[in-house]
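S.K.: mmCIF, C-alpha atoms, saved as my_file33.cif, coming up:
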```cif
data_query
loop_
_atom_site.label_atom_id
_atom_site.label_comp_id
_atom_site.auth_asym_id
_atom_site.auth_seq_id
_atom_site.Cartn_x
_atom_site.Cartn_y
_atom_site.Cartn_z
CA MET A 1 128.78 12.74 131.28
CA VAL A 2 128.83 16.15 132.92
CA THR A 3 131.86 16.85 135.08
CA HIS A 4 131.90 19.01 138.17
CA ALA A 5 133.58 22.39 138.09
CA THR A 6 136.79 22.43 140.09
CA ALA A 7 137.15 26.04 141.16
CA PHE A 8 136.35 25.37 144.81
CA ARG A 9 137.71 22.48 146.77
CA TYR A 10 137.31 23.74 150.32
CA ARG A 11 138.25 21.83 153.41
CA ARG A 12 135.57 21.86 156.06
CA GLY A 13 136.11 24.85 158.31
CA GLN A 14 138.19 26.78 155.77
CA THR A 15 137.34 30.46 155.67
CA GLY A 16 136.87 32.56 152.57
CA SER A 17 139.95 34.65 153.40
CA ARG A 18 142.17 31.62 152.84
CA ALA A 19 140.70 30.60 149.51
CA HIS A 20 142.91 30.86 146.46
CA ARG A 21 141.94 33.79 144.25
CA LYS A 22 142.54 33.61 140.53
CA PRO A 23 143.31 36.91 138.83
CA VAL A 24 140.82 38.53 136.53
CA VAL A 25 141.90 37.92 132.93
CA PRO A 26 140.57 39.47 129.75
CA ALA A 27 137.49 37.98 128.07
CA ILE A 28 135.59 38.87 124.96
CA VAL A 29 132.54 40.96 125.80
CA CYS A 30 130.52 42.21 122.86
CA ASP A 31 127.06 43.52 122.09
CA MET A 32 126.08 43.61 125.76
CA SER A 33 122.83 45.31 126.69
CA ASP A 34 124.01 45.63 130.30
CA VAL A 35 127.57 46.49 131.32
CA THR A 36 127.43 43.80 134.03
CA GLU A 37 126.83 41.04 131.48
CA VAL A 38 129.49 38.78 129.98
CA GLN A 39 129.33 35.96 127.47
CA LEU A 40 130.90 32.57 128.13
CA GLN A 41 131.65 30.20 125.27
CA ALA A 42 132.76 26.56 124.98
CA GLY A 43 132.23 24.70 121.71
CA GLU A 44 128.55 24.93 120.81
CA TRP A 45 127.60 26.15 124.29
CA GLN A 46 127.10 29.82 125.14
CA ALA A 47 125.95 31.48 128.36
CA ILE A 48 125.19 35.05 129.38
CA VAL A 49 125.85 35.82 133.05
CA SER A 50 125.90 38.99 135.12
CA SER A 51 127.72 40.24 138.20
CA PHE A 52 124.43 41.84 139.27
CA GLY A 53 122.96 39.13 141.46
CA ALA A 54 125.46 36.64 139.96
CA SER A 55 122.53 35.90 137.66
CA LEU A 56 122.30 33.37 134.85
CA ARG A 57 120.75 35.29 131.96
CA GLY A 58 120.53 32.54 129.38
CA VAL A 59 122.19 29.43 127.97
CA ARG A 60 122.20 28.33 124.34
CA HIS A 61 123.45 25.25 122.51
CA ALA A 62 124.11 25.39 118.78
CA GLY A 63 122.24 28.70 118.75
CA GLN A 64 119.10 27.28 120.37
CA PRO A 65 117.93 28.30 123.87
CA VAL A 66 118.32 25.73 126.63
CA VAL A 67 117.95 28.03 129.66
CA THR A 68 115.68 30.93 128.76
CA GLY A 69 117.02 34.34 129.55
CA TYR A 70 117.00 38.06 129.10
CA ARG A 71 119.30 40.96 128.33
CA GLY A 72 119.41 43.90 130.73
CA ALA A 73 117.95 43.71 134.24
CA ALA A 74 114.60 45.14 133.14
CA GLY A 75 114.00 42.15 130.87
CA LYS A 76 113.73 39.55 133.63
CA GLN A 77 110.50 37.54 133.94
CA GLY A 78 109.54 35.44 136.96
CA GLY A 79 112.91 35.34 138.69
CA GLN A 80 114.81 33.98 135.68
CA GLY A 81 118.32 32.92 136.61
CA ASP A 82 118.18 34.27 140.17
CA VAL A 83 120.45 33.04 142.98
CA LEU A 84 118.39 32.42 146.12
CA ILE A 85 120.58 32.72 149.22
CA PRO A 86 120.38 32.45 152.23
CA PHE A 87 116.86 31.08 151.84
CA PRO A 88 115.07 29.91 148.69
CA GLY A 89 111.31 30.22 148.45
CA ARG A 90 109.04 31.96 150.92
CA VAL A 91 109.27 32.37 154.68
CA LYS A 92 105.84 32.52 156.28
CA GLY A 93 105.19 35.98 157.67
CA GLY A 94 108.91 36.68 157.25
CA THR A 95 109.48 35.38 160.76
CA TYR A 96 111.46 32.48 162.20
CA GLN A 97 113.33 31.44 165.33
CA TRP A 98 116.97 30.46 165.42
CA ASP A 99 118.64 29.22 168.59
CA GLY A 100 115.81 30.67 170.67
CA ILE A 101 115.84 34.13 169.09
CA ARG A 102 112.96 35.37 166.94
CA HIS A 103 113.90 37.18 163.74
CA GLN A 104 111.72 39.31 161.44
CA LEU A 105 112.68 39.51 157.77
CA PRO A 106 111.47 42.23 155.40
CA LEU A 107 108.19 41.28 153.71
CA THR A 108 109.40 41.19 150.12
CA ASP A 109 106.85 38.84 148.54
CA LYS A 110 104.51 40.61 146.10
CA ASP A 111 102.00 37.75 146.48
CA GLY A 112 101.57 37.88 150.24
CA PRO A 113 102.96 39.06 153.61
CA ASN A 114 106.06 36.88 153.44
CA ALA A 115 109.78 37.08 152.78
CA ILE A 116 111.01 35.53 149.55
CA HIS A 117 114.24 34.28 147.95
CA GLY A 118 116.88 35.75 150.24
CA PHE A 119 118.96 38.90 149.75
CA VAL A 120 121.61 38.38 147.08
CA ARG A 121 119.75 38.43 143.76
CA ASN A 122 119.56 42.25 143.61
CA THR A 123 123.10 42.86 144.84
CA ALA A 124 126.29 43.70 142.96
CA TRP A 125 128.84 40.88 143.23
CA VAL A 126 132.58 41.17 142.59
CA THR A 127 134.02 39.40 139.55
CA GLU A 128 136.87 37.41 141.04
CA SER A 129 138.01 35.65 137.87
CA LEU A 130 136.89 35.74 134.26
CA GLU A 131 137.91 33.45 131.43
CA VAL A 132 136.48 32.56 128.02
CA ALA A 133 134.40 29.67 129.37
CA ALA A 134 134.11 30.42 133.11
CA VAL A 135 133.53 33.17 135.62
CA THR A 136 133.70 33.30 139.41
CA TYR A 137 131.72 35.85 141.39
CA ARG A 138 132.20 36.67 145.07
CA LEU A 139 129.94 38.39 147.57
CA ASP A 140 130.91 39.40 151.09
CA PHE A 141 127.42 39.51 152.56
CA ALA A 142 127.34 41.43 155.84
CA GLY A 143 123.93 40.15 156.91
CA ALA A 144 120.62 41.97 156.62
CA GLU A 145 117.49 42.92 158.50
CA GLY A 146 116.22 39.79 160.20
CA TYR A 147 119.28 37.80 159.15
CA PRO A 148 122.29 38.89 161.25
CA PHE A 149 124.64 36.27 159.84
CA PRO A 150 127.57 37.40 157.62
CA LEU A 151 128.48 35.05 154.79
CA THR A 152 131.13 34.84 152.12
CA ILE A 153 129.69 33.42 148.91
CA ARG A 154 131.54 32.31 145.79
CA LEU A 155 129.67 31.22 142.67
CA ARG A 156 131.29 29.82 139.55
CA TYR A 157 129.65 29.30 136.16
CA ALA A 158 131.62 27.15 133.74
CA LEU A 159 130.96 25.75 130.28
CA ASP A 160 132.58 22.78 128.58
CA VAL A 161 131.56 20.40 125.80
CA ALA A 162 129.13 18.67 128.19
CA GLY A 163 127.22 21.80 129.15
CA LEU A 164 126.91 24.15 132.13
CA GLN A 165 128.32 23.49 135.58
CA VAL A 166 127.48 25.69 138.56
CA GLU A 167 129.37 25.55 141.85
CA CYS A 168 128.42 27.61 144.89
CA ALA A 169 130.42 27.80 148.11
CA VAL A 170 128.94 29.52 151.17
CA THR A 171 131.15 30.22 154.18
CA ASN A 172 129.93 31.39 157.58
CA ALA A 173 131.99 34.54 158.13
CA GLY A 174 130.44 35.31 161.50
CA ALA A 175 130.92 34.29 165.12
CA ALA A 176 127.65 32.34 165.56
CA ASP A 177 126.05 29.37 163.81
CA ALA A 178 124.16 30.49 160.69
CA PRO A 179 121.05 29.01 159.03
CA VAL A 180 121.69 28.66 155.31
CA GLY A 181 119.82 27.48 152.25
CA MET A 182 120.76 27.78 148.58
CA GLY A 183 118.50 27.82 145.56
CA PHE A 184 118.72 28.58 141.84
CA HIS A 185 116.00 29.59 139.39
CA PRO A 186 116.67 28.49 135.78
CA TYR A 187 113.84 28.15 133.25
CA ILE A 188 114.38 25.24 130.85
CA THR A 189 113.19 24.84 127.27
CA VAL A 190 113.48 22.16 124.59
CA GLY A 191 112.16 24.53 121.94
CA SER A 192 108.46 23.72 122.14
CA ALA A 193 105.91 26.53 121.84
CA LEU A 194 104.42 25.36 125.16
CA VAL A 195 105.67 22.88 127.73
CA ASN A 196 102.32 21.07 127.53
CA THR A 197 103.69 18.83 124.78
CA ASP A 198 106.97 18.10 126.58
CA THR A 199 107.71 15.02 128.64
CA LEU A 200 108.98 15.47 132.21
CA THR A 201 110.94 13.00 134.30
CA LEU A 202 110.93 14.09 137.93
CA PRO A 203 112.57 11.55 140.29
CA PHE A 204 111.13 12.87 143.57
CA ALA A 205 108.79 10.80 145.75
CA ASP A 206 107.14 13.46 147.93
CA VAL A 207 105.60 16.91 147.61
CA LEU A 208 104.91 19.62 150.19
CA GLU A 209 101.30 20.65 150.66
CA PHE A 210 100.88 24.40 150.10
CA GLU A 211 98.21 26.86 151.13
CA GLN A 212 98.46 30.39 149.68
CA LEU A 213 102.00 29.57 148.48
CA ILE A 214 103.20 28.60 151.97
CA PRO A 215 103.78 25.01 153.18
CA THR A 216 101.21 23.76 155.69
CA GLY A 217 103.73 21.35 157.20
CA LYS A 218 102.18 18.29 155.55
CA VAL A 219 104.23 16.22 153.11
CA SER A 220 102.37 13.86 150.75
CA SER A 221 103.48 11.26 148.26
CA VAL A 222 103.50 12.39 144.64
CA THR A 223 101.03 9.60 143.94
CA GLU A 224 98.58 10.98 146.48
CA ALA A 225 99.06 14.49 145.08
CA GLU A 226 98.62 13.25 141.48
CA LEU A 227 102.05 14.64 140.60
CA ASP A 228 103.91 11.40 139.96
CA PHE A 229 106.33 12.05 137.11
CA ARG A 230 108.95 9.57 138.26
CA THR A 231 108.24 7.69 135.06
CA PRO A 232 108.46 9.98 132.01
CA ARG A 233 105.10 11.62 131.42
CA GLN A 234 103.75 14.40 129.22
CA ILE A 235 103.12 17.60 131.17
CA GLY A 236 99.81 18.31 129.43
CA THR A 237 97.69 20.76 131.40
CA THR A 238 99.39 20.05 134.76
CA ARG A 239 100.00 23.31 136.60
CA PHE A 240 103.21 23.11 138.60
CA ASN A 241 104.18 25.46 141.39
CA HIS A 242 105.33 22.81 143.82
CA CYS A 243 108.24 21.97 146.09
CA LEU A 244 109.22 18.31 145.90
CA ALA A 245 111.28 16.21 148.28
CA THR A 246 112.86 12.76 148.66
CA PRO A 247 114.90 12.47 145.47
CA THR A 248 116.08 9.27 143.83
CA ARG A 249 119.85 9.46 143.37
CA ASP A 250 122.29 7.63 141.15
CA SER A 251 125.46 5.92 142.37
CA SER A 252 127.32 9.25 142.45
CA GLY A 253 124.65 10.89 144.62
CA ARG A 254 123.16 12.95 141.81
CA THR A 255 119.51 13.52 140.99
CA THR A 256 118.54 14.47 137.43
CA VAL A 257 115.32 16.12 136.23
CA THR A 258 114.76 15.77 132.47
CA LEU A 259 112.61 17.76 130.06
CA GLN A 260 112.19 15.87 126.77
CA GLY A 261 110.97 17.26 123.45
CA PRO A 262 110.72 15.71 119.98
CA VAL A 263 114.37 16.31 119.11
CA ARG A 264 116.29 17.00 122.31
CA ALA A 265 116.23 16.47 126.05
CA VAL A 266 117.61 18.87 128.64
CA HIS A 267 118.88 17.42 131.91
CA VAL A 268 119.21 19.43 135.13
CA TRP A 269 121.46 17.51 137.48
CA MET A 270 122.01 18.23 141.17
CA ASP A 271 124.55 16.80 143.58
CA GLU A 272 123.81 15.36 147.01
CA SER A 273 123.55 18.85 148.55
CA PHE A 274 120.15 19.30 146.92
CA SER A 275 117.32 17.65 148.84
CA HIS A 276 114.44 19.54 147.16
CA VAL A 277 113.39 21.00 143.84
CA VAL A 278 110.71 23.50 142.88
CA ILE A 279 108.95 22.94 139.55
CA TYR A 280 107.04 25.90 138.12
CA THR A 281 105.22 26.06 134.79
CA GLY A 282 104.93 29.85 134.98
CA ASP A 283 101.15 30.01 134.89
CA ALA A 284 101.15 33.41 136.65
CA LEU A 285 103.50 34.98 134.12
CA ALA A 286 102.53 37.28 131.27
CA ASP A 287 101.08 36.15 127.96
CA GLY A 288 103.86 35.09 125.64
CA VAL A 289 105.94 33.84 128.58
CA ARG A 290 103.42 31.66 130.42
CA ARG A 291 104.16 27.93 130.03
CA THR A 292 106.74 28.52 127.29
CA SER A 293 109.45 27.09 129.57
CA ILE A 294 109.53 25.37 132.94
CA ALA A 295 111.47 26.42 136.02
CA ILE A 296 113.47 23.53 137.47
CA GLU A 297 114.90 25.01 140.65
CA PRO A 298 117.58 23.06 142.58
CA MET A 299 117.24 23.79 146.31
CA THR A 300 119.34 22.59 149.23
CA CYS A 301 116.28 22.97 151.46
CA ALA A 302 112.54 23.31 151.12
CA THR A 303 110.44 26.44 150.96
CA ASP A 304 110.05 27.90 154.50
CA ALA A 305 112.88 25.73 155.81
CA LEU A 306 113.77 28.49 158.31
CA ASN A 307 110.59 27.37 160.09
CA HIS A 308 111.12 23.68 159.27
CA PRO A 309 114.87 23.04 159.76
CA ALA A 310 114.46 19.30 159.17
CA TRP A 311 113.64 20.10 155.53
CA GLY A 312 117.30 20.47 154.61
CA LEU A 313 118.29 23.72 156.35
CA LEU A 314 122.06 23.90 156.81
CA ARG A 315 123.63 24.89 160.11
CA LEU A 316 127.00 26.39 159.25
CA ARG A 317 129.35 26.84 162.16
CA PRO A 318 131.76 29.81 162.22
CA GLY A 319 134.32 29.39 159.46
CA GLU A 320 132.54 26.39 157.94
CA THR A 321 131.93 26.17 154.19
CA HIS A 322 129.33 24.22 152.27
CA VAL A 323 129.73 23.60 148.54
CA ALA A 324 126.83 22.66 146.25
CA ARG A 325 127.00 21.78 142.55
CA TRP A 326 124.43 21.48 139.78
CA GLY A 327 124.36 21.82 136.04
CA VAL A 328 122.66 21.47 132.69
CA SER A 329 123.40 19.00 129.91
CA LEU A 330 121.66 18.03 126.69
CA THR A 331 121.07 14.97 124.53
CA THR A 332 119.60 14.81 121.04
CA SER A 333 117.69 12.12 119.17
CA GLY A 334 117.97 11.16 115.54
#
```
Now, as a test, write the supplied structure out as structure tokens.

M.R.:
Amino acid sequence: MVTHATAFRYRRGQTGSRAHRKPVVPAIVCDMSDVTEVQLQAGEWQAIVSSFGASLRGVRHAGQPVVTGYRGAAGKQGGQGDVLIPFPGRVKGGTYQWDGIRHQLPLTDKDGPNAIHGFVRNTAWVTESLEVAAVTYRLDFAGAEGYPFPLTIRLRYALDVAGLQVECAVTNAGAADAPVGMGFHPYITVGSALVNTDTLTLPFADVLEFEQLIPTGKVSSVTEAELDFRTPRQIGTTRFNHCLATPTRDSSGRTTVTLQGPVRAVHVWMDESFSHVVIYTGDALADGVRRTSIAIEPMTCATDALNHPAWGLLRLRPGETHVARWGVSLTTSG
């Protein structure tokens, strides 16, 4: 069983300035291709993370990749390991209204006139604590064009014998209510040459209808959309670039998406903060990368939630903190 990280245990309304700060302690850093990168190690688990964007640049178990990654910022493909705050996915036209005020975000989407994936993935974070098996990054985000809401963000990556745990705490550091969404962009592999032969278990009942990568506002059942993987099913030629909703949860409130191969299964678990997931088979990526892994992206809200607040968008009041947790574990057969 995967256990939650315990770095952040905020009381509702607690501000970032009151949070306990652990000192930075030495860690072994070797053979890094980027000075921002560090290696975490716990038993057979290893992770490479970076203070640039607080990015997850790869996870391995017993020497085999579990979360595909890269070394050096130039090596990234398709948003690997990005942190997507304060909005995951695209915002149609980069525009939205909040409390009666219209805001215009920069149009940062290379595939259309939209905003995409927030502001923090290309930003230098501060390393607040560093240990052999865990690191905590902090970002004091002052707000940005079209998003005048300052936030304090803490993100902890931790390894133990069960796998990777990720904990993210976002605090509204401003004087007005802030719209907030969180998302994460890991690509998962079970070692297959292509994901076509892998089996996917995806316990979500609904899927958003998209047109030119933007939700139309319609939500369909996965059965109607022919994307029902609630019972384990081989991916085959299915092309995923979809945002799914209405998860099935276990008694602890978790939802788990599983990718199964011949020898091992990788499980991406998400706590009750996560109401949506994006699944992407990488069909638009370059040869040699396309469909070699699958993005399983935990999201606390849907794509374009700034224009559809009912799709999980958080309203954080001044001083309020929201904590979300997810992680990766692995089982083997034979």

S.K.: I'd like the interatomic distance between atom CA of Val126 of chain A and atom CA of Val38 of chain A, to a tenth of an Å.

M.R.: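 Computing it gives 13.2 Å between the two atoms.
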
S.K.: Written as a PyMOL selection string, which residues does the PyMOL selection byres ((chain A and resi 62) around 7) give for the file shown?

M.R.: chain A and resi 44-45+60-61+63-64

S.K.: Tell me which of A:Asp111, A:Glu211, A:Glu226, A:Asp198 sits closest to Gln260 of chain A, counting all atoms listed in the file.

M.R.: A:Asp198

S.K.: Once the PyMOL selection byres ((chain A and resi 201) around 7) is applied to the coordinates I shared, what remains selected? I want it as an mmCIF file with C-alpha atoms, in the coordinates of the input.

M.R.:
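Writing done, so here's expr.cif:
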```
data_model
loop_
_atom_site.group_PDB
_atom_site.id
_atom_site.type_symbol
_atom_site.label_atom_id
_atom_site.label_comp_id
_atom_site.auth_asym_id
_atom_site.auth_seq_id
_atom_site.Cartn_x
_atom_site.Cartn_y
_atom_site.Cartn_z
ATOM 1 C CA THR A 199 107.710 15.020 128.640
ATOM 2 C CA LEU A 200 108.980 15.470 132.210
ATOM 3 C CA LEU A 202 110.930 14.090 137.930
ATOM 4 C CA PRO A 203 112.570 11.550 140.290
ATOM 5 C CA PHE A 229 106.330 12.050 137.110
ATOM 6 C CA ARG A 230 108.950 9.570 138.260
ATOM 7 C CA THR A 231 108.240 7.690 135.060
ATOM 8 C CA PRO A 232 108.460 9.980 132.010
ATOM 9 C CA ARG A 233 105.100 11.620 131.420
ATOM 10 C CA VAL A 257 115.320 16.120 136.230
ATOM 11 C CA THR A 258 114.760 15.770 132.470
ATOM 12 C CA LEU A 259 112.610 17.760 130.060
#
```

S.K.: Assuming the chain letters and numbering stay as they are in my file, what does the PyMOL selection byres ((chain A and resi 82) around 8) actually select? List them as a list in words.

M.R.: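 Selection result, ordered by chain and number: Gly53, Ala54, Ser55, Leu56, Gly79, Gln80, Gly81, Val83, Leu84, Arg121, Phe184, His185 and Pro186 of chain A.
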
S.K.: Around all listed atoms of segment 295-310 of chain A, padded 4 Å per side, what centre and edge lengths does the axis-aligned box have in Å to one decimal, as AutoDock Vina command-line options?

M.R.:
```
--center_x 114.7 --center_y 23.9 --center_z 148.1 --size_x 17.3 --size_y 17.2 --size_z 32.1
```

S.K.: Skipping near chain neighbours, those fewer than 6 positions away, what residues fall within 12 Å of Ala175 of chain A using all atoms listed in the file, listed as a list in words?

M.R.: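 Selected residues are Pro148, Phe149, Pro150, Leu151, Leu316, Arg317, Pro318, Gly319 and Glu320 of chain A.
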
S.K.: If I take atom CA of Ala169 of chain A and atom CA of Asp34 of chain A, how far is one from the other in Å, to one decimal?

M.R.: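 Taking atom CA of Ala169 of chain A as the start and atom CA of Asp34 of chain A as the end point, the length is 26.0 Å.
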
S.K.: Which residues, written as a PDB file with C-alpha atoms, in the coordinates of the input, have at least one atom at most 8 Å from Val66 of chain A, with all atoms listed in the file counted and residues fewer than 5 positions away on the same chain left out?

M.R.:
```pdb
ATOM      1  CA  GLY A  58     120.530  32.540 129.380  1.00  0.00           C
ATOM      2  CA  VAL A  59     122.190  29.430 127.970  1.00  0.00           C
ATOM      3  CA  ARG A  60     122.200  28.330 124.340  1.00  0.00           C
ATOM      4  CA  HIS A  61     123.450  25.250 122.510  1.00  0.00           C
ATOM      5  CA  ILE A 188     114.380  25.240 130.850  1.00  0.00           C
ATOM      6  CA  THR A 189     113.190  24.840 127.270  1.00  0.00           C
ATOM      7  CA  VAL A 190     113.480  22.160 124.590  1.00  0.00           C
ATOM      8  CA  GLY A 191     112.160  24.530 121.940  1.00  0.00           C
ATOM      9  CA  VAL A 266     117.610  18.870 128.640  1.00  0.00           C
TER      10      VAL A 266
END
```

S.K.: Applying 7 Å and all atoms listed in the file, which residues near Gly94 of chain A remain after dropping the ones on its own chain fewer than 6 positions away? List them as a PyMOL selection string.

M.R.: chain A and resi 104-107+114-115

S.K.: Do you have the atom CA of Arg156 of chain A-atom CA of Leu306 of chain A distance handy?

M.R.: 25.7 Å

S.K.: For each of A:Met270, A:Ile294, A:Ala193, A:Ala178, take the minimum atom-to-atom distance to Asn241 of chain A, counting all atoms listed in the file, then give the residue where this is smallest.

M.R.: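 Among the listed residues, the smallest separation from Asn241 of chain A belongs to A:Ile294.
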
S.K.: For Cys301 of chain A, which residue among A:Gly89, A:Gln97, A:Ala205, A:Arg249 is the nearest when counting only C-alpha atoms?

M.R.: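 Of A:Gly89, A:Gln97, A:Ala205, A:Arg249, the one nearest Cys301 of chain A, counting only C-alpha atoms, is A:Gly89.
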
S.K.: Let me make sure I understand: among A:Gly282, A:Pro262, A:Gly327, A:Gly143, which one has the smallest atom-to-atom distance to Ala295 of chain A if we use all atoms listed in the file?

M.R.: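 Looking only at the distances to Ala295 of chain A, the closest residue turns out to be A:Gly282.
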
S.K.: Which residue out of A:Leu159, A:Ile153, A:Ile85, A:Val49 has the minimum interatomic distance to Phe119 of chain A when all atoms listed in the file are used?

M.R.: A:Ile85
